[in-house]
Amino acid sequence: MAVRAVRGAVQLERDEAGHMDEQVVALLIAVLERNGLSTDDLISIWFTATPDLRSDFPAAAARKLGIVDVPLICAQELDIEGAMPRVVRLLAHIESDRPRADINHVYLGAAAALRKDIAQ
């Protein structure tokens with residue numbers, strides 16, 4: 001089994017804890033499903049949020065999804081002028097037999113514009 005990394009992002013419509021939970025859970029489920037993963041395949045997840053998101057920690061949504069024995073961390077994204085607002089990004093380290101080229105990175109909704117080269 002190899003260690004691989006999966007990227008993903010979602011843009012929130014508003015800074016509200018319930019909405020963040022909903023969107024981050026959708027992102028996590030999409031990452032797992034599109035890569036044929038279970039929570040047992042997760043090694044760790046790093047979340048970032050743009051500075052305009054202050055209602056909750058993205059990792060809290062992962063815990064509510066049942067990801068309770070995987071190390072999670074949250075950080076603030078750089079505050080770059082002109083950057084897309086209200087974005088949660090993730091970098092998940094996983095165990096997978098898939099070749100690196102077959103990893104599906106997941107950019108939901110408007111966040112697909114962030115990485116048109118790898119968005120699924």
# chains A, B, ... in the order shown; residues from 1 in each chain; ligands from 1
$ residues_around --residues "Ala59 in chain A" --least-positions-apart "4" --cutoff "8 Å" --atoms "only C-alpha atoms" --output "mmCIF file with N, CA, C and O atoms, in the first residue's frame"
data_model
loop_
_atom_site.group_PDB
_atom_site.id
_atom_site.type_symbol
_atom_site.label_atom_id
_atom_site.label_comp_id
_atom_site.auth_asym_id
_atom_site.auth_seq_id
_atom_site.Cartn_x
_atom_site.Cartn_y
_atom_site.Cartn_z
ATOM 1 N N PHE A 47 -7.038 20.771 6.820
ATOM 2 C CA PHE A 47 -8.046 21.683 6.287
ATOM 3 C C PHE A 47 -7.516 23.113 6.346
ATOM 4 O O PHE A 47 -6.848 23.478 7.326
ATOM 5 N N ARG A 63 -15.508 15.225 12.170
ATOM 6 C CA ARG A 63 -15.817 14.485 13.398
ATOM 7 C C ARG A 63 -17.298 14.088 13.417
ATOM 8 O O ARG A 63 -17.636 12.970 13.805
ATOM 9 N N LEU A 72 -6.601 15.367 12.489
ATOM 10 C CA LEU A 72 -7.127 16.468 11.680
ATOM 11 C C LEU A 72 -6.516 17.762 12.181
ATOM 12 O O LEU A 72 -6.261 17.910 13.372
ATOM 13 N N ILE A 73 -6.306 18.709 11.276
ATOM 14 C CA ILE A 73 -5.812 20.020 11.675
ATOM 15 C C ILE A 73 -6.432 21.072 10.762
ATOM 16 O O ILE A 73 -6.718 20.803 9.593
ATOM 17 N N CYS A 74 -6.651 22.248 11.319
ATOM 18 C CA CYS A 74 -7.185 23.374 10.557
ATOM 19 C C CYS A 74 -6.188 24.523 10.573
ATOM 20 O O CYS A 74 -5.491 24.733 11.564
#
$ select_by_dssp --residues "chain A" --states "helix (DSSP H, G or I)" --output "NGL selection string"
:A and (17-34 or 39-41 or 58-65 or 100-102 or 109-115)
$ closest_residue --among "A:Ala49, A:Asp40, A:Val88, A:Met20" --to "Asp69 in chain A" --atoms "only C-alpha atoms"
A:Asp40
$ residues_around --residues "Arg4 in chain A" --least-positions-apart "2" --cutoff "9 Å" --atoms "only C-alpha atoms" --output "MDAnalysis selection string"
chainID A and resid 2 6 92:100 103
$ closest_residue --among "A:Met84, A:Leu28, A:Ala112, A:Val70" --to "Asp52 in chain A" --atoms "only C-alpha atoms"
A:Met84
$ atom_distance --atom1 "CA of Lys64 in chain A" --atom2 "CA of Ala110 in chain A"
24.4 Å
$ select_by_dssp --residues "chain A" --states "strand (DSSP E)" --output "PyMOL selection string"
chain A and resi 2-11+42-49+72-76+87-96+106-108
$ closest_residue --among "A:Arg34, A:Trp46, A:Ser55, A:Thr39" --to "Glu16 in chain A" --atoms "only C-alpha atoms"
A:Ser55
$ closest_residue --among "A:Pro85, A:Pro58, A:Gly109, A:Gly66" --to "Glu22 in chain A" --atoms "only C-alpha atoms"
A:Pro58
$ residues_around --residues "Leu12 in chain A" --least-positions-apart "3" --cutoff "7 Å" --atoms "only C-alpha atoms" --output "number ranges by chain"
A: 20, 23, 86-87
$ write_last_selection --atoms "C-alpha atoms" --output "PDB file, in the first residue's frame"
ATOM      1  CA  MET A  20     -20.026  24.668   6.685  1.00  0.00           C
ATOM      2  CA  GLN A  23     -20.523  21.455   2.616  1.00  0.00           C
ATOM      3  CA  ARG A  86     -15.418  31.458   1.556  1.00  0.00           C
ATOM      4  CA  VAL A  87     -13.353  28.430   0.512  1.00  0.00           C
TER       5      VAL A  87
END
$ closest_residue --among "A:Gly82, A:Ala111, A:Ala62, A:Asn104" --to "Leu37 in chain A" --atoms "only C-alpha atoms"
A:Asn104
$ atom_distance --atom1 "CA of Asp79 in chain A" --atom2 "CA of Leu53 in chain A"
11.5 Å
$ atom_distance --atom1 "CA of Tyr107 in chain A" --atom2 "CA of Ser38 in chain A"
19.1 Å
$ residues_around --residues "Leu108 in chain A" --least-positions-apart "6" --cutoff "12 Å" --atoms "only C-alpha atoms" --output "MDAnalysis selection string"
chainID A and resid 7:12 23:31 87:90 114:116 118:120
$ closest_residue --among "A:Gln76, A:Thr50, A:Val106, A:Phe57" --to "Ala5 in chain A" --atoms "only C-alpha atoms"
A:Val106
